[in-house]
Amino acid sequence: MYPKNLADIPKAYNPKDVEDKWYQYWYEHNLYHSEVDESKTPYTIVIPPPNITGILHIGHILNNTLQDIYIRYKRMKGFNACWVPGIDHASIATEAKVVAMLKARGINKDNTSRADFLKYCYEWKEKYGGIIFKQLRKLGVSCDWQRERFTMDIHYYRKVVEAFVKLYKEGYIYRGYRMVNWDPASRSAISDEEVFYKEVQGKLWYFKYTVKDSKEFVVVATTRPETMLGDTGIAVNPQDERYKHLIGKTIVLPIVGREIPLFADDYVDKEFGTGAVKVTPAHDVNDYEMGLRHNLEIVNIFNEDATTNGNVPAEFRNLDRYDVREKVVARLEELSLLLKVENYTNKVGYSQRGNVPIEPYLSEQWFMKMDELVKPALEVVLDGKVKFHPEHWTKTYEHWMTNIRDWCISRQLWWGHRIPVWYHKETHEIYCEVEPPNDIDNYYQDDDVLDTWASSWLWAQDVFTNEREQKYYYPTDLLVTAPDIIFFWVARMIIAGMHFMKEIPFKDVYFTSTVRDTQGRKMSKSLGNSPDPLDLIDEHGADALRFTMTYIAPLGQDVHFSNEMVEIGRNFANKMWNAGRFLLMNLASQQSGAKNIRLDPSLKDKHIDFTDRWILSRFNKTIKEFTEALDRFEVNAASKLVYSYVWNDFCDWFVELSKQRLYQGSEEERSAVLTRAILLFEEMLKLVHPFMPFISEEIWQLLDERKTGESISTSAFPEYDLRKIDEKAESEILFVQEVVTAIRNIRGEMNVAPSKAINVLLKTDQLTKEQTKYIKSLVRIDELKVDPNMNKPKASASAVVKGCDIFVPLEGLIDLNIERTRIEKEITRISGSLESVKKKLSNEGFVAKAPAEVIERERTKMNDWEKALEKLKVILADLT
RNA sequence: GGGAGCUUAGCUCAGCUGGUUCAGAGCAUCUGCCUUACAAGCAGAGGGUCAUUGGUUCGAAUCCAUUAGCUCCCACCA
């Protein structure tokens, strides 16, 4: 299916040629579809459905990459992996976008029918939902696209409504006239969680309110002068001597002329402001509560859009809240009632969606009683049935859950799940059922829709559309999400799961890093610091982006991202690509014809030496550490492990070591070495695959003839075998590496041209012939002599490795000064280390209390260094 | 006001339950190389009293406490 002509394999990896091709292939062969299969254990993830308000950003990339890593990993591990993709209707956010879009087209929502408006919303959903799914495919996610879900699908919609009806009948949902957070922009109530607080540079105004029938006045301080039009009382602390005599007196409210009481309430802080508080029960939560305690009149002065209504004097009506503010202040100044103005920073609640200050506002809304519902959901997290990663989020969760207040779930919007409540036109009796009443003509339906989160809280359970599926896939295994929706979504899904399913919705929750720019700022459109993931993919490939994200994003910490960082992944992809090319080129040179097949698997276990045992040992260790890291949700650690194995162990050393036998071995030996290298490389690609699905598939397919529909993504993940771990081979290689590095060091420091071959003398009795052979091949040596009894030749550069003295004769080339400096530096280094070991060993406490093996290790170190030091001193003396 | 997290090389960060030359990686810098997989590369090199102070311990980047700085979350102070 793929032209396997080696001449076509470019030197530099080009993801553009590769990525779309394989995504198409996976899709066509339906490799990621999951069905109920009782013979296999499911591994299930439901995607945090992106809002259809826009396109995906870099945070989504991280989030979805992580999910894909786990899904691919578990799929290869033999689980029935099922990843359900979907999107969220995002009630208030989308409605705001659609209203704005219509406005741009010259259409006013107020002149549009509900049905027409919903049509526009669905158009929007089709467009942006499509973009989102396209982006996800570009990223390479292995979702089950046959399971695409939307929070307003017919089935899902019904489930949301059923949940409402059930909770209503159980008494958890009630309707009430309460003070809520009002968003004047969308003209809807919002929940406490949708309010965020901003520090605002404001002012504190001091007003004089006169006491009725008296010359006395009371001074109040306020940050919101306009609300004075709705004042219905003045509060002071009962202990406050300044005001004790005034308690019970009547105050005349300026401008309005209303007579209001002055009363005492413990809420008032004597120290703040003047110690006297103007009380506006309709427009402040605390004032409202004081109002209830003291039976104050409640005067609502605002319309739904936060303009003033008929409850204020005529000249102040129908004005925006900030215009009224100026007007009120101006009038009070005219009346000489404005005492002073101070600068004051305070925190103002803003609507998360509308980004305008919210208004505490009295209105009739639907609420969910939370205190009882929360209990089982808190329990399962505290006792570890649902595990958070990192674990410390449980504290945040516990705090929120134990201080939870009732949830305002109704929204004065059209886009969303309409509340399944009908009121009788005459009796006003409430009818709450999934289906409308039979005598529908006698009823009218509640206009409001549900909070988005009162639909997505069922996501983990109701993306499965029949009982059999639900039973098989639920509880899901892993939820990967940003920590900023821990209350909105994670907590509520657990609540819903425990209430409706009597079972947790997921076993593990992975909280991702928040992606910031290099200055630590959150990525945002308004700052313009948010890169478009598609641009990055276009430039470097999805694999590069995916790998980079996991490489730089530690568990539970913010990550600082910049576009250049994607080069980490790009370079890594290129490295693997070229390692693959190296193998393929050798393959081609050893066989006739265009077919690339593994040479001869029967030679797999022939011509094995310590380099083979070493790489196998390293590989098995890597698999072990890699899988353990993933199982602990340390994706970042896993990506570093695979990176270092591929680059350092496999490419830097194993490939270089192999060249000796590939170029100089017998025919059979060459085949054996190459066969093994390819088999090992294939296994390595499987480790990489969850992180970089495209390039691993591409190379894997190039390495051998594959059947139609065969894919690395459905191959078996490597299992480690502890018997393959070979400490002896590892130390043998380490010895080779140390000697080689020492020789290269001499070359570099002594400025020996790389083209110039040198002679090297090794004074040791510990090198095997094999090791010698490899050393020779790795450092471009003309002649290599090994003799345990040799004397140091004149004019040579030297180095001392444990158990081996190295001499490089450089007659005529050597600069004694450079060499002396080199040796002196080495002496200083070793002396320092020796000093600290000696100190340790002369410490009685250490010798008495440390474990025997630790002491033994220190003794060995001391001996080695003492010997090395002695030798170096002799060498140095020889140089002077 | 309460809570969580962070502070290690010029930059971005690894270093798990204290002990393997543990003080590391990548980028950046310097030196030398287009060596028949890879210059998106190879081989070397320089660079850090692990934020502060104290404690526990034979032994601390690692555990405890303290101080300072930064970040985030929660909370009704007009």
# chains A, B, ... in the order shown; residues from 1 in each chain; ligands from 1

call {"tool": "interface_residues", "arguments": {"of": "chain B", "to": "chain A", "cutoff": "12 Å", "atoms": "only C-alpha atoms (C1' of nucleotides)", "output": "count of residues only"}}
result
43

call {"tool": "closest_residue", "arguments": {"among": "A:Asp477, A:Tyr122, A:His389, A:Tyr43", "to": "Met76 in chain A", "atoms": "only C-alpha atoms"}}
result
A:Tyr43

call {"tool": "closest_residue", "arguments": {"among": "A:Tyr32, A:Cys432, A:Asp451, A:Arg75", "to": "Asp88 in chain A", "atoms": "only C-alpha atoms"}}
result
A:Asp451

call {"tool": "closest_residue", "arguments": {"among": "B:U53, B:G1, B:G46, B:A60", "to": "G18 in chain B", "atoms": "only C-alpha atoms (C1' of nucleotides)"}}
result
B:A60

call {"tool": "residues_around", "arguments": {"residues": "G48 in chain B", "least_positions_apart": "6", "cutoff": "12 Å", "atoms": "only C-alpha atoms (C1' of nucleotides)", "output": "compact mmCIF listing (two decimals) with all heavy atoms, in the first residue's frame"}}
result
# COMPACT_ATOMS: atom_id res chain seq x y z
P U B 8 14.99 28.27 40.98
OP1 U B 8 15.91 29.36 40.64
OP2 U B 8 14.05 27.74 39.99
O5' U B 8 15.84 27.06 41.56
C5' U B 8 17.03 27.33 42.30
C4' U B 8 18.01 26.22 42.10
O4' U B 8 17.39 24.94 42.42
C3' U B 8 18.49 26.01 40.67
O3' U B 8 19.49 26.94 40.31
C2' U B 8 19.00 24.58 40.74
O2' U B 8 20.21 24.51 41.46
C1' U B 8 17.89 23.92 41.57
N1 U B 8 16.80 23.42 40.73
C2 U B 8 17.01 22.23 40.05
O2 U B 8 18.04 21.61 40.11
N3 U B 8 15.95 21.81 39.28
C4 U B 8 14.74 22.43 39.12
O4 U B 8 13.89 21.93 38.40
C5 U B 8 14.60 23.66 39.85
C6 U B 8 15.61 24.09 40.60
P A B 9 19.45 27.57 38.91
OP1 A B 9 19.54 29.02 39.09
OP2 A B 9 18.34 26.99 38.16
O5' A B 9 20.80 27.06 38.24
C5' A B 9 22.04 27.69 38.57
C4' A B 9 22.90 27.78 37.33
O4' A B 9 23.21 26.41 36.91
C3' A B 9 22.23 28.45 36.13
O3' A B 9 23.13 29.37 35.51
C2' A B 9 21.93 27.32 35.15
O2' A B 9 22.14 27.71 33.80
C1' A B 9 23.01 26.30 35.52
N9 A B 9 22.66 24.92 35.19
C8 A B 9 21.47 24.40 34.78
N7 A B 9 21.49 23.12 34.53
C5 A B 9 22.80 22.76 34.79
C6 A B 9 23.49 21.55 34.71
N6 A B 9 22.93 20.41 34.32
N1 A B 9 24.80 21.53 35.04
C2 A B 9 25.36 22.67 35.42
N3 A B 9 24.84 23.89 35.54
C4 A B 9 23.54 23.86 35.20
P G B 10 23.37 30.78 36.08
OP1 G B 10 24.79 30.93 36.28
OP2 G B 10 22.40 31.03 37.17
O5' G B 10 22.96 31.68 34.82
C5' G B 10 22.57 33.03 34.99
C4' G B 10 21.87 33.49 33.74
O4' G B 10 22.70 33.12 32.62
C3' G B 10 20.53 32.78 33.49
O3' G B 10 19.47 33.51 34.06
C2' G B 10 20.45 32.75 31.96
O2' G B 10 20.00 33.98 31.45
C1' G B 10 21.92 32.55 31.58
N9 G B 10 22.28 31.14 31.45
C8 G B 10 23.25 30.48 32.18
N7 G B 10 23.37 29.23 31.85
C5 G B 10 22.42 29.04 30.86
C6 G B 10 22.09 27.87 30.12
O6 G B 10 22.57 26.74 30.21
N1 G B 10 21.06 28.11 29.22
C2 G B 10 20.45 29.33 29.04
N2 G B 10 19.48 29.36 28.13
N3 G B 10 20.75 30.43 29.72
C4 G B 10 21.74 30.21 30.59
P A B 23 28.04 14.73 43.53
OP1 A B 23 28.78 13.55 43.07
OP2 A B 23 28.37 15.37 44.82
O5' A B 23 28.17 15.83 42.38
C5' A B 23 27.41 17.04 42.45
C4' A B 23 26.09 16.82 41.83
O4' A B 23 25.10 17.54 42.56
C3' A B 23 25.95 17.28 40.39
O3' A B 23 26.31 16.19 39.54
C2' A B 23 24.48 17.62 40.28
O2' A B 23 23.70 16.46 40.03
C1' A B 23 24.16 18.11 41.69
N9 A B 23 24.23 19.56 41.91
C8 A B 23 25.30 20.32 42.27
N7 A B 23 25.02 21.59 42.43
C5 A B 23 23.68 21.66 42.14
C6 A B 23 22.77 22.73 42.11
N6 A B 23 23.12 23.97 42.41
N1 A B 23 21.50 22.45 41.75
C2 A B 23 21.18 21.19 41.47
N3 A B 23 21.92 20.11 41.45
C4 A B 23 23.17 20.42 41.80
P G B 24 26.51 16.30 38.00
OP1 G B 24 27.33 15.16 37.56
OP2 G B 24 26.92 17.67 37.64
O5' G B 24 25.05 16.05 37.45
C5' G B 24 24.75 16.38 36.13
C4' G B 24 23.44 15.79 35.74
O4' G B 24 22.44 16.06 36.76
C3' G B 24 22.87 16.40 34.47
O3' G B 24 23.39 15.72 33.34
C2' G B 24 21.38 16.21 34.65
O2' G B 24 20.99 14.88 34.39
C1' G B 24 21.22 16.47 36.16
N9 G B 24 21.00 17.88 36.46
C8 G B 24 21.85 18.72 37.15
N7 G B 24 21.38 19.94 37.28
C5 G B 24 20.16 19.89 36.64
C6 G B 24 19.18 20.91 36.44
O6 G B 24 19.22 22.08 36.82
N1 G B 24 18.09 20.45 35.73
C2 G B 24 17.94 19.17 35.25
N2 G B 24 16.83 18.91 34.58
N3 G B 24 18.84 18.21 35.43
C4 G B 24 19.91 18.64 36.12
P A B 61 22.19 18.57 50.37
OP1 A B 61 22.69 17.32 49.81
OP2 A B 61 23.15 19.60 50.86
O5' A B 61 21.25 19.27 49.29
C5' A B 61 20.64 20.53 49.57
C4' A B 61 19.38 20.68 48.78
O4' A B 61 19.62 20.20 47.44
C3' A B 61 18.20 19.85 49.29
O3' A B 61 17.47 20.54 50.26
C2' A B 61 17.39 19.61 48.04
O2' A B 61 16.57 20.72 47.75
C1' A B 61 18.48 19.50 46.97
N9 A B 61 18.88 18.11 46.69
C8 A B 61 20.09 17.52 46.96
N7 A B 61 20.15 16.26 46.58
C5 A B 61 18.89 16.02 46.05
C6 A B 61 18.31 14.88 45.49
N6 A B 61 18.95 13.73 45.35
N1 A B 61 17.04 14.98 45.05
C2 A B 61 16.41 16.14 45.19
N3 A B 61 16.84 17.29 45.70
C4 A B 61 18.11 17.16 46.11

call {"tool": "select_by_dssp", "arguments": {"residues": "range 113-334 of chain A", "states": "strand (DSSP E or B)", "output": "PyMOL selection string"}}
result
chain A and resi 149-150+173-183+188-190+195-211+217-222+233-236+250-252+259-264+276-279+302+307-308+320

call {"tool": "write_last_selection", "arguments": {"atoms": "C-alpha atoms", "output": "short mmCIF file (atom, residue, chain, number, x, y, z; two decimals), in the first residue's frame"}}
result
data_model
loop_
_atom_site.label_atom_id
_atom_site.label_comp_id
_atom_site.auth_asym_id
_atom_site.auth_seq_id
_atom_site.Cartn_x
_atom_site.Cartn_y
_atom_site.Cartn_z
CA ARG A 149 -22.00 13.06 21.20
CA PHE A 150 -23.49 16.46 21.78
CA ILE A 173 -35.07 21.03 43.31
CA TYR A 174 -37.17 23.99 44.34
CA ARG A 175 -38.21 27.34 43.05
CA GLY A 176 -37.50 30.44 45.06
CA TYR A 177 -37.37 34.22 45.10
CA ARG A 178 -33.78 34.81 46.04
CA MET A 179 -30.87 37.08 45.60
CA VAL A 180 -28.79 35.75 42.74
CA ASN A 181 -25.79 36.84 40.71
CA TRP A 182 -27.30 38.67 37.81
CA ASP A 183 -25.47 39.14 34.56
CA SER A 188 -29.76 35.99 33.17
CA ALA A 189 -28.95 34.65 36.56
CA ILE A 190 -25.65 32.83 36.89
CA VAL A 195 -18.56 34.85 39.09
CA PHE A 196 -14.94 35.84 39.32
CA TYR A 197 -13.56 38.70 41.35
CA LYS A 198 -11.42 41.46 39.97
CA GLU A 199 -9.56 44.10 41.93
CA VAL A 200 -10.91 47.38 40.76
CA GLN A 201 -9.54 50.82 41.47
CA GLY A 202 -12.65 52.47 42.80
CA LYS A 203 -13.75 55.15 45.20
CA LEU A 204 -15.34 55.34 48.57
CA TRP A 205 -17.91 58.09 48.82
CA TYR A 206 -19.00 59.57 52.16
CA PHE A 207 -22.56 60.90 52.35
CA LYS A 208 -24.45 62.71 55.03
CA TYR A 209 -27.88 61.34 55.83
CA THR A 210 -29.91 63.62 58.07
CA VAL A 211 -31.76 62.40 61.11
CA PHE A 217 -26.70 63.61 60.58
CA VAL A 218 -25.10 60.25 60.04
CA VAL A 219 -22.24 59.74 57.61
CA VAL A 220 -22.20 56.55 55.56
CA ALA A 221 -19.46 55.30 53.25
CA THR A 222 -20.24 53.45 50.07
CA GLY A 233 -32.24 51.45 56.40
CA ILE A 234 -29.03 52.43 58.14
CA ALA A 235 -27.17 49.91 60.23
CA VAL A 236 -24.66 50.42 63.03
CA THR A 250 -35.62 57.67 61.60
CA ILE A 251 -33.39 58.89 58.79
CA VAL A 252 -34.57 60.84 55.81
CA GLU A 259 -37.99 57.68 55.77
CA ILE A 260 -35.87 54.77 56.84
CA PRO A 261 -34.90 53.33 60.22
CA LEU A 262 -31.50 53.33 61.87
CA PHE A 263 -30.96 50.01 63.58
CA ALA A 264 -28.23 47.94 65.17
CA ALA A 276 -22.59 53.32 59.70
CA VAL A 277 -23.79 51.31 56.74
CA LYS A 278 -26.45 52.22 54.22
CA VAL A 279 -28.63 49.18 53.66
CA PHE A 302 -32.95 48.09 38.49
CA THR A 307 -30.81 50.31 34.07
CA THR A 308 -32.90 52.11 36.66
CA ASP A 320 -27.36 52.88 33.08
#

call {"tool": "atom_distance", "arguments": {"atom1": "CA of Lys119 in chain A", "atom2": "CA of Asp448 in chain A"}}
result
17.4 Å

call {"tool": "atom_distance", "arguments": {"atom1": "CA of Asp704 in chain A", "atom2": "CA of Ile678 in chain A"}}
result
9.5 Å

call {"tool": "atom_distance", "arguments": {"atom1": "CA of Glu738 in chain A", "atom2": "CA of Ile806 in chain A"}}
result
10.9 Å

call {"tool": "residues_around", "arguments": {"residues": "Arg418 in chain A", "least_positions_apart": "6", "cutoff": "9 Å", "atoms": "only C-alpha atoms (C1' of nucleotides)", "output": "PyMOL selection string"}}
result
chain A and resi 161+445-450

call {"tool": "select_by_dssp", "arguments": {"residues": "range 270-383 of chain A", "states": "alpha helix (DSSP H)", "output": "ChimeraX atom specification"}}
result
/A:285-293,321-334,374-382
